[in-house]
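For reference, protein_37.txt is printed below; it contains compact mmCIF, C-alpha atoms.
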```txt
# COMPACT_ATOMS: atom_id res chain seq x y z
CA MET A 1 -120.66 109.53 -1.96
CA GLY A 2 -117.75 107.29 -0.90
CA ASP A 3 -114.39 107.74 -2.59
CA HIS A 4 -114.40 104.28 -4.19
CA ILE A 5 -118.02 104.65 -5.34
CA LEU A 6 -117.17 107.96 -6.98
CA LEU A 7 -114.32 106.33 -8.87
CA LEU A 8 -116.65 103.54 -9.99
CA VAL A 9 -119.28 106.00 -11.21
CA CYS A 10 -116.66 107.82 -13.29
CA ALA A 11 -115.57 104.52 -14.80
CA LEU A 12 -119.14 103.47 -15.66
CA LEU A 13 -119.99 106.83 -17.25
CA GLY A 14 -116.71 107.00 -19.12
CA TRP A 15 -115.54 110.12 -17.29
CA PRO A 16 -111.79 110.57 -16.74
CA LEU A 17 -110.62 109.67 -13.25
CA THR A 18 -109.33 113.23 -12.86
CA LEU A 19 -112.96 114.34 -12.57
CA ALA A 20 -113.36 112.14 -9.52
CA PHE A 21 -110.18 113.59 -8.02
CA GLN A 22 -111.50 117.13 -8.41
CA GLN A 23 -114.93 116.44 -6.93
CA LEU A 24 -113.77 114.89 -3.66
CA PRO A 25 -114.62 117.57 -1.07
CA SER A 26 -111.93 119.26 0.95
CA THR A 27 -113.54 118.00 4.17
CA HIS A 28 -112.52 114.46 3.18
CA LEU A 29 -108.88 115.43 2.81
CA HIS A 30 -106.02 115.88 5.24
CA LEU A 31 -103.31 118.50 4.85
CA HIS A 32 -99.75 117.20 5.21
CA ARG A 33 -96.23 118.43 4.65
CA ARG A 34 -94.72 117.82 1.26
CA SER A 35 -93.54 114.28 0.51
CA PHE A 36 -92.77 112.23 -2.55
CA ARG A 37 -94.94 109.18 -2.04
CA LEU A 38 -96.14 107.56 -5.27
CA SER A 39 -99.85 107.41 -5.97
CA ALA A 40 -101.54 104.04 -5.95
CA LEU A 41 -102.74 104.90 -9.45
CA ASN A 42 -99.22 104.37 -10.79
CA ASN A 43 -99.91 100.62 -10.79
CA ASN A 44 -103.34 100.83 -12.41
CA ASN A 45 -103.30 99.36 -15.94
CA SER A 46 -107.05 99.51 -16.54
CA ASN A 47 -106.84 102.85 -18.35
CA MET A 48 -104.01 101.90 -20.69
CA PRO A 49 -104.85 101.71 -24.42
CA GLN A 50 -105.92 98.24 -25.56
CA PHE A 51 -104.94 98.87 -29.17
CA CYS A 52 -101.95 100.52 -30.81
CA GLU A 53 -102.63 104.14 -31.68
CA ARG A 54 -100.36 103.82 -34.72
CA CYS A 55 -101.41 100.56 -36.42
CA GLY A 56 -104.44 99.29 -34.46
CA THR A 57 -102.88 96.01 -33.29
CA ALA A 58 -103.80 94.77 -29.82
CA THR A 59 -101.30 95.95 -27.22
CA ARG A 60 -99.61 94.19 -24.35
CA ILE A 61 -98.60 95.68 -21.02
CA GLN A 62 -94.88 95.43 -20.36
CA ILE A 63 -91.86 97.38 -19.18
CA PRO A 64 -89.94 98.45 -22.31
CA SER A 65 -86.18 98.09 -22.39
CA GLY A 66 -84.53 101.00 -20.61
CA ASP A 67 -87.78 102.00 -18.92
CA GLU A 68 -88.95 101.46 -15.34
CA ARG A 69 -92.74 101.62 -15.76
CA GLU A 70 -95.28 99.41 -17.44
CA ARG A 71 -96.44 100.79 -20.79
CA SER A 72 -98.93 99.84 -23.47
CA VAL A 73 -96.77 98.31 -26.23
CA CYS A 74 -97.93 97.30 -29.69
CA GLY A 75 -98.16 93.53 -30.07
CA ASP A 76 -96.82 93.71 -33.64
CA SER A 77 -93.05 93.44 -33.40
CA ASP A 78 -92.65 95.23 -36.74
CA CYS A 79 -94.41 98.24 -35.24
CA GLY A 80 -93.50 98.07 -31.55
CA HIS A 81 -95.00 101.47 -30.85
CA ILE A 82 -95.02 102.45 -27.17
CA THR A 83 -97.87 104.61 -25.88
CA TYR A 84 -96.80 107.01 -23.16
CA GLN A 85 -99.61 108.37 -21.02
CA ASN A 86 -98.88 111.63 -19.28
CA PRO A 87 -100.84 114.00 -17.04
CA LYS A 88 -103.22 116.46 -18.71
CA VAL A 89 -102.57 120.17 -18.36
CA VAL A 90 -105.47 122.41 -17.31
CA CYS A 91 -105.25 126.19 -17.56
CA GLY A 92 -107.55 128.59 -15.74
CA VAL A 93 -107.77 132.29 -15.04
CA VAL A 94 -109.19 134.36 -12.19
CA ALA A 95 -110.27 137.43 -14.15
CA THR A 96 -111.20 140.62 -12.30
CA TYR A 97 -112.52 144.05 -13.14
CA GLN A 98 -112.53 146.84 -10.57
CA ASP A 99 -112.24 144.35 -7.70
CA LYS A 100 -115.02 142.11 -8.95
CA VAL A 101 -114.44 138.50 -9.99
CA LEU A 102 -115.66 136.77 -13.13
CA LEU A 103 -117.59 133.56 -12.34
CA CYS A 104 -118.99 131.04 -14.81
CA GLN A 105 -121.84 128.64 -14.10
CA ARG A 106 -120.95 125.27 -15.60
CA ASN A 107 -123.25 124.00 -18.34
CA ILE A 108 -121.42 120.66 -18.62
CA GLU A 109 -120.66 117.74 -16.33
CA PRO A 110 -119.10 117.25 -13.93
CA CYS A 111 -120.58 119.71 -11.48
CA LYS A 112 -123.09 121.12 -13.95
CA GLY A 113 -124.79 124.13 -12.41
CA LYS A 114 -121.91 124.95 -10.08
CA TRP A 115 -119.61 127.93 -10.39
CA GLY A 116 -115.96 128.62 -11.03
CA TYR A 117 -113.47 130.61 -13.09
CA PRO A 118 -112.84 129.83 -16.79
CA GLN A 119 -110.61 126.79 -17.18
CA GLY A 120 -110.00 123.87 -19.50
CA PHE A 121 -107.44 121.60 -21.13
CA LEU A 122 -104.41 123.08 -22.85
CA GLU A 123 -104.45 122.60 -26.63
CA LEU A 124 -101.51 121.72 -28.87
CA GLY A 125 -99.57 124.71 -30.12
CA GLU A 126 -100.46 127.15 -27.35
CA SER A 127 -98.75 128.32 -24.18
CA SER A 128 -100.46 127.92 -20.81
CA ARG A 129 -101.21 131.65 -20.73
CA GLN A 130 -102.71 131.48 -24.22
CA GLY A 131 -104.77 128.48 -23.15
CA ALA A 132 -106.16 130.34 -20.16
CA ALA A 133 -107.02 133.34 -22.35
CA ARG A 134 -108.75 131.08 -24.90
CA GLU A 135 -110.81 129.38 -22.20
CA ALA A 136 -111.87 132.77 -20.83
CA HIS A 137 -113.05 133.81 -24.29
CA GLU A 138 -114.82 130.51 -25.01
CA GLU A 139 -116.58 130.21 -21.65
CA ALA A 140 -117.23 133.84 -20.77
CA GLY A 141 -116.76 135.93 -23.91
CA VAL A 142 -114.01 138.05 -22.37
CA THR A 143 -110.88 139.16 -24.19
CA LEU A 144 -107.59 139.40 -22.36
CA ASN A 145 -103.93 139.77 -23.18
CA PRO A 146 -102.10 136.57 -22.14
CA ASP A 147 -98.94 138.60 -21.53
CA ASN A 148 -100.71 140.45 -18.71
CA SER A 149 -101.63 137.32 -16.78
CA GLN A 150 -99.74 136.26 -13.65
CA LEU A 151 -99.42 132.73 -12.29
CA ILE A 152 -101.09 132.40 -8.87
CA ALA A 153 -101.58 128.65 -8.36
CA LEU A 154 -100.15 125.29 -9.36
CA PHE A 155 -102.12 122.16 -8.47
CA ASN A 156 -101.06 118.55 -9.03
CA LEU A 157 -103.92 116.05 -9.01
CA ALA A 158 -102.79 112.50 -8.23
CA GLY A 159 -100.26 112.40 -11.04
CA MET A 160 -103.11 112.59 -13.57
CA GLN A 161 -103.54 116.34 -14.03
CA VAL A 162 -101.57 119.55 -13.56
CA GLN A 163 -103.51 122.80 -13.18
CA LEU A 164 -102.03 126.23 -13.83
CA VAL A 165 -104.17 129.14 -12.63
CA TYR A 166 -103.47 132.75 -13.59
CA ARG A 167 -104.92 136.08 -12.58
CA VAL A 168 -105.57 139.06 -14.83
CA GLU A 169 -107.24 142.46 -14.59
CA LEU A 170 -109.62 143.08 -17.51
CA ASP A 171 -110.11 146.35 -19.37
CA ASP A 172 -113.91 146.17 -19.05
CA ASP A 173 -116.70 143.97 -17.70
CA THR A 174 -118.05 142.81 -21.07
CA CYS A 175 -118.94 139.12 -20.84
CA GLU A 176 -121.22 136.57 -22.47
CA ALA A 177 -121.86 132.92 -21.64
CA GLY A 178 -120.34 130.42 -24.07
CA HIS A 179 -121.77 126.97 -24.80
CA GLU A 180 -120.02 125.45 -21.74
CA SER A 181 -121.50 128.10 -19.42
CA SER A 182 -125.15 128.67 -18.53
CA ASP A 183 -124.41 132.03 -16.92
CA VAL A 184 -121.48 134.39 -16.35
CA LYS A 185 -121.23 137.39 -14.07
CA PHE A 186 -118.91 139.65 -12.12
CA VAL A 187 -119.36 139.48 -8.34
CA SER A 188 -117.66 141.12 -5.40
CA TRP A 189 -115.13 139.13 -3.40
CA ASP A 190 -117.57 139.00 -0.47
CA GLU A 191 -120.23 137.48 -2.75
CA VAL A 192 -117.96 134.78 -4.21
CA TRP A 193 -118.41 132.52 -1.21
CA ASP A 194 -122.21 132.58 -1.52
CA TYR A 195 -121.94 130.58 -4.75
CA ASP A 196 -121.78 126.80 -4.97
CA LEU A 197 -118.23 126.35 -6.24
CA ALA A 198 -117.46 123.43 -8.52
CA PHE A 199 -114.23 121.92 -7.15
CA PRO A 200 -111.94 122.25 -4.12
CA THR A 201 -109.24 123.55 -6.47
CA VAL A 202 -111.57 126.39 -7.51
CA GLU A 203 -112.03 127.37 -3.87
CA TRP A 204 -108.28 127.16 -3.21
CA ALA A 205 -107.40 129.39 -6.18
CA LEU A 206 -110.10 131.96 -5.46
CA LYS A 207 -109.16 132.26 -1.79
CA HIS A 208 -105.51 132.70 -2.73
CA ALA A 209 -106.37 135.24 -5.43
CA GLU A 210 -108.36 137.23 -2.89
CA GLU A 211 -105.46 137.18 -0.44
CA MET A 212 -103.04 138.29 -3.18
CA ARG A 213 -105.24 140.90 -4.86
CA HIS A 214 -103.26 143.85 -3.48
CA GLU A 215 -99.86 142.29 -4.20
CA ALA A 216 -98.07 143.50 -7.35
CA LYS A 217 -96.32 140.12 -7.68
CA PRO A 218 -98.41 137.33 -6.13
CA ALA A 219 -96.95 134.31 -4.38
CA VAL A 220 -97.77 131.05 -6.15
CA LEU A 221 -99.91 128.59 -4.20
CA GLU A 222 -98.79 124.98 -4.74
CA ARG A 223 -100.80 121.95 -3.65
CA THR A 224 -100.75 118.25 -4.50
CA LYS A 225 -103.72 115.92 -4.14
CA ILE A 226 -102.78 112.23 -3.83
CA LEU A 227 -104.60 108.92 -3.56
CA GLN A 228 -102.58 106.82 -1.11
CA PRO A 229 -102.18 103.01 -1.44
CA ASN A 230 -104.60 102.58 1.49
CA GLY A 231 -107.32 104.46 -0.40
CA GLU A 232 -107.03 107.65 1.67
CA TRP A 233 -106.99 111.01 -0.08
CA THR A 234 -104.43 113.52 1.13
CA VAL A 235 -103.52 117.07 0.20
CA GLU A 236 -99.96 118.27 0.55
CA ASP A 237 -98.50 121.76 0.29
CA GLY A 238 -96.08 121.97 -2.60
```
Mind converting the file's structure to structure tokens?
Amino acid sequence: MGDHILLLVCALLGWPLTLAFQQLPSTHLHLHRRSFRLSALNNNNSNMPQFCERCGTATRIQIPSGDERERSVCGDSDCGHITYQNPKVVCGVVATYQDKVLLCQRNIEPCKGKWGYPQGFLELGESSRQGAAREAHEEAGVTLNPDNSQLIALFNLAGMQVQLVYRVELDDDTCEAGHESSDVKFVSWDEVWDYDLAFPTVEWALKHAEEMRHEAKPAVLERTKILQPNGEWTVEDG
């Protein structure tokens, strides 16, 4: 599926654009050195709220005083509420037990039926480690101590999503599929690559976790995935 078609499908189905970013295969991407080019999505107003989240009045798109970006601003001057849209935070965890890796088969779109580690959006009031532990419990029925988890990967997806991936060694291999998973299991590192993995980021994190599995303090893998103004997807280290 072409990049622009994938974006259109997400828009028609009401899926967040971040889902399209994740699903673009690594073979369509080019690895570059780190840079600070702005994503073409910075100028996209189509996803801005059309109504004020505070009073319900129709909004207008403008650059507020003292700001440098267009925002969705309440059209009622007595309210004047400004809606700031910021990247979502996703927390995941590569959980292992005796050198086997916990994999979950997704029971939800996107990529329903494909495999990955437990991950999901950070909730209000929790740390990123707590969020990763909660997702592991919800999706795979495992219990882990957030304090024992170690950061292994940081992924930035086109300015729309930040992913924090941890690793943790479990006390046992007890697991049970939650409602977002159709199956969960522990597999050897050699077997991991026989599974149809859900996103490029999942593959990146798992490969790095495998490389770091004998390191007491793992290096953190950082990658940024950007949609360029010319429509080309690139991946940059850092």
At most 10 Å is the cut-off: for each residue in region 59-87 of chain A with any atom that close to an atom of region 150-166 of chain A, write down the nearest atom pair and the distance in Å rounded to one decimal, counting all atoms listed in the file, chain first then increasing number, as a tab-separated table.
```
residue	atom	partner	partner_atom	distance
A:Gln85	CA	A:Met160	CA	9.2
A:Asn86	CA	A:Met160	CA	7.2
A:Pro87	CA	A:Met160	CA	4.4
```
Using all atoms listed in the file, find the one residue out of A:Trp204, A:Arg167, A:Gly113, A:Pro229 that sits nearest to Ala216 (chain A).
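Of the candidates, the smallest distance to Ala216 (chain A) is held by A:Arg167.
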Just to confirm, what's the straight-line distance from CA of Glu109 (chain A) to CA of Ser127 (chain A) in Å (one decimal)?
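CA of Ser127 (chain A) lies at a distance of 25.6 Å from CA of Glu109 (chain A).
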Would you mind listing what lies within 8 Å of Pro118 (chain A) as JSON, numbers by chain, with all atoms listed in the file counted and same-chain residues fewer than 2 positions away left out?
{"A": [92, 93, 94, 103, 104, 116, 120, 132, 135, 136, 139, 140]}
Point-to-point distance in Å for CA of Lys207 (chain A) and CA of Lys100 (chain A)
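Result for CA of Lys100 (chain A) versus CA of Lys207 (chain A): 13.5 Å, one decimal.
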Using Å and a single decimal, report how far CA of Ala205 (chain A) sits from CA of Val235 (chain A).
14.4 Å
Among A:Tyr84, A:Tyr195, A:Gly56, A:Gln98, Asp171 (chain A) is approached most closely, using all atoms listed in the file, by A:Gln98
Neighbours of Arg71 (chain A) within 8 Å (only C-alpha atoms; same-chain residues fewer than 3 positions away dropped), as a PDB file with C-alpha atoms, keeping the file's coordinate frame?
```pdb
ATOM      1  CA  MET A  48    -104.010 101.900 -20.690  1.00  0.00           C
ATOM      2  CA  ILE A  61     -98.600  95.680 -21.020  1.00  0.00           C
ATOM      3  CA  GLN A  62     -94.880  95.430 -20.360  1.00  0.00           C
ATOM      4  CA  ILE A  63     -91.860  97.380 -19.180  1.00  0.00           C
ATOM      5  CA  PRO A  64     -89.940  98.450 -22.310  1.00  0.00           C
ATOM      6  CA  ILE A  82     -95.020 102.450 -27.170  1.00  0.00           C
ATOM      7  CA  THR A  83     -97.870 104.610 -25.880  1.00  0.00           C
ATOM      8  CA  TYR A  84     -96.800 107.010 -23.160  1.00  0.00           C
TER       9      TYR A  84
END
```
Here is a test: counting only C-alpha atoms, which residue of A:Arg223, A:Arg213, A:Arg60, A:Lys185 is nearest to Val142 (chain A)?
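Result for the nearest residue to Val142 (chain A): A:Lys185.
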Would you please work out which residue, of A:Cys79, A:Ala95, A:Cys52, A:Cys111, is nearest to Glu180 (chain A) when using all atoms listed in the file?
A:Cys111
Could you check which of A:Gln130, A:Gln105, A:Asn148, A:Ser188 is closest to Glu176 (chain A), using all atoms listed in the file?
A:Gln105
Please, which residues are within 12 Å of (-98.7, 105.1, -39.3) by the file's coordinates, counting all atoms listed in the file, and could they come as a list in words?
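So the residues meeting the distance criterion are Cys52, Glu53, Arg54, Cys55, Gly56, Thr57, Asp78, Cys79, Gly80 and His81 of chain A.
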Using all atoms listed in the file: which of A:Asn47, A:Ser72, A:Gln119, A:Asn145 has the shortest distance to Val90 (chain A):
A:Gln119
Mind filling out region 132-143 of chain A with all heavy atoms and sending it as a CSV table (one decimal), in the frame of the given file?
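result_35.csv, freshly written:
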```csv
chain,number,residue,atom,x,y,z
A,132,ALA,N,-105.3,129.7,-21.1
A,132,ALA,CA,-106.2,130.3,-20.2
A,132,ALA,C,-107.0,131.5,-20.8
A,132,ALA,O,-108.2,131.6,-20.5
A,132,ALA,CB,-105.3,130.9,-19.0
A,133,ALA,N,-106.3,132.3,-21.7
A,133,ALA,CA,-107.0,133.3,-22.4
A,133,ALA,C,-108.1,132.8,-23.3
A,133,ALA,O,-109.2,133.3,-23.4
A,133,ALA,CB,-106.0,134.2,-23.1
A,134,ARG,N,-107.8,131.7,-24.0
A,134,ARG,CA,-108.8,131.1,-24.9
A,134,ARG,C,-110.0,130.6,-24.1
A,134,ARG,O,-111.1,130.8,-24.6
A,134,ARG,CB,-108.1,129.9,-25.7
A,134,ARG,CG,-109.1,129.1,-26.5
A,134,ARG,CD,-108.4,128.0,-27.2
A,134,ARG,NE,-107.6,127.1,-26.3
A,134,ARG,CZ,-108.2,126.3,-25.4
A,134,ARG,NH1,-109.5,126.2,-25.3
A,134,ARG,NH2,-107.4,125.6,-24.6
A,135,GLU,N,-109.7,129.9,-23.0
A,135,GLU,CA,-110.8,129.4,-22.2
A,135,GLU,C,-111.7,130.5,-21.7
A,135,GLU,O,-112.9,130.4,-21.7
A,135,GLU,CB,-110.3,128.6,-21.0
A,135,GLU,CG,-109.7,127.2,-21.4
A,135,GLU,CD,-110.7,126.2,-21.9
A,135,GLU,OE1,-111.9,126.4,-21.7
A,135,GLU,OE2,-110.3,125.3,-22.6
A,136,ALA,N,-111.1,131.6,-21.3
A,136,ALA,CA,-111.9,132.8,-20.8
A,136,ALA,C,-112.8,133.3,-21.9
A,136,ALA,O,-113.9,133.7,-21.7
A,136,ALA,CB,-110.9,133.9,-20.3
A,137,HIS,N,-112.3,133.3,-23.2
A,137,HIS,CA,-113.0,133.8,-24.3
A,137,HIS,C,-114.2,132.8,-24.6
A,137,HIS,O,-115.3,133.2,-24.9
A,137,HIS,CB,-112.2,134.0,-25.5
A,137,HIS,CG,-112.9,134.6,-26.7
A,137,HIS,ND1,-113.3,135.9,-26.7
A,137,HIS,CD2,-113.2,134.1,-27.9
A,137,HIS,CE1,-114.0,136.2,-27.9
A,137,HIS,NE2,-113.9,135.0,-28.6
A,138,GLU,N,-113.8,131.5,-24.6
A,138,GLU,CA,-114.8,130.5,-25.0
A,138,GLU,C,-115.9,130.4,-24.0
A,138,GLU,O,-117.1,130.2,-24.3
A,138,GLU,CB,-114.1,129.1,-25.2
A,138,GLU,CG,-113.2,129.0,-26.4
A,138,GLU,CD,-112.5,127.7,-26.5
A,138,GLU,OE1,-112.6,126.9,-25.5
A,138,GLU,OE2,-111.8,127.5,-27.5
A,139,GLU,N,-115.6,130.5,-22.7
A,139,GLU,CA,-116.6,130.2,-21.6
A,139,GLU,C,-117.3,131.5,-21.2
A,139,GLU,O,-118.4,131.4,-20.7
A,139,GLU,CB,-115.9,129.5,-20.4
A,139,GLU,CG,-115.4,128.2,-20.8
A,139,GLU,CD,-114.8,127.5,-19.5
A,139,GLU,OE1,-115.0,128.0,-18.4
A,139,GLU,OE2,-114.1,126.4,-19.7
A,140,ALA,N,-116.6,132.6,-21.3
A,140,ALA,CA,-117.2,133.8,-20.8
A,140,ALA,C,-117.2,135.0,-21.7
A,140,ALA,O,-117.7,136.1,-21.3
A,140,ALA,CB,-116.5,134.2,-19.5
A,141,GLY,N,-116.7,134.9,-22.9
A,141,GLY,CA,-116.8,135.9,-23.9
A,141,GLY,C,-115.9,137.1,-23.6
A,141,GLY,O,-116.1,138.2,-24.1
A,142,VAL,N,-114.9,136.9,-22.7
A,142,VAL,CA,-114.0,138.0,-22.4
A,142,VAL,C,-112.7,138.0,-23.2
A,142,VAL,O,-112.3,136.9,-23.6
A,142,VAL,CB,-113.7,138.1,-20.9
A,142,VAL,CG1,-114.9,138.2,-20.0
A,142,VAL,CG2,-112.9,136.8,-20.4
A,143,THR,N,-112.1,139.1,-23.5
A,143,THR,CA,-110.9,139.2,-24.2
A,143,THR,C,-109.8,139.7,-23.3
A,143,THR,O,-110.0,140.7,-22.6
A,143,THR,CB,-111.0,140.1,-25.4
A,143,THR,OG1,-112.0,139.6,-26.3
A,143,THR,CG2,-109.7,140.1,-26.2
```
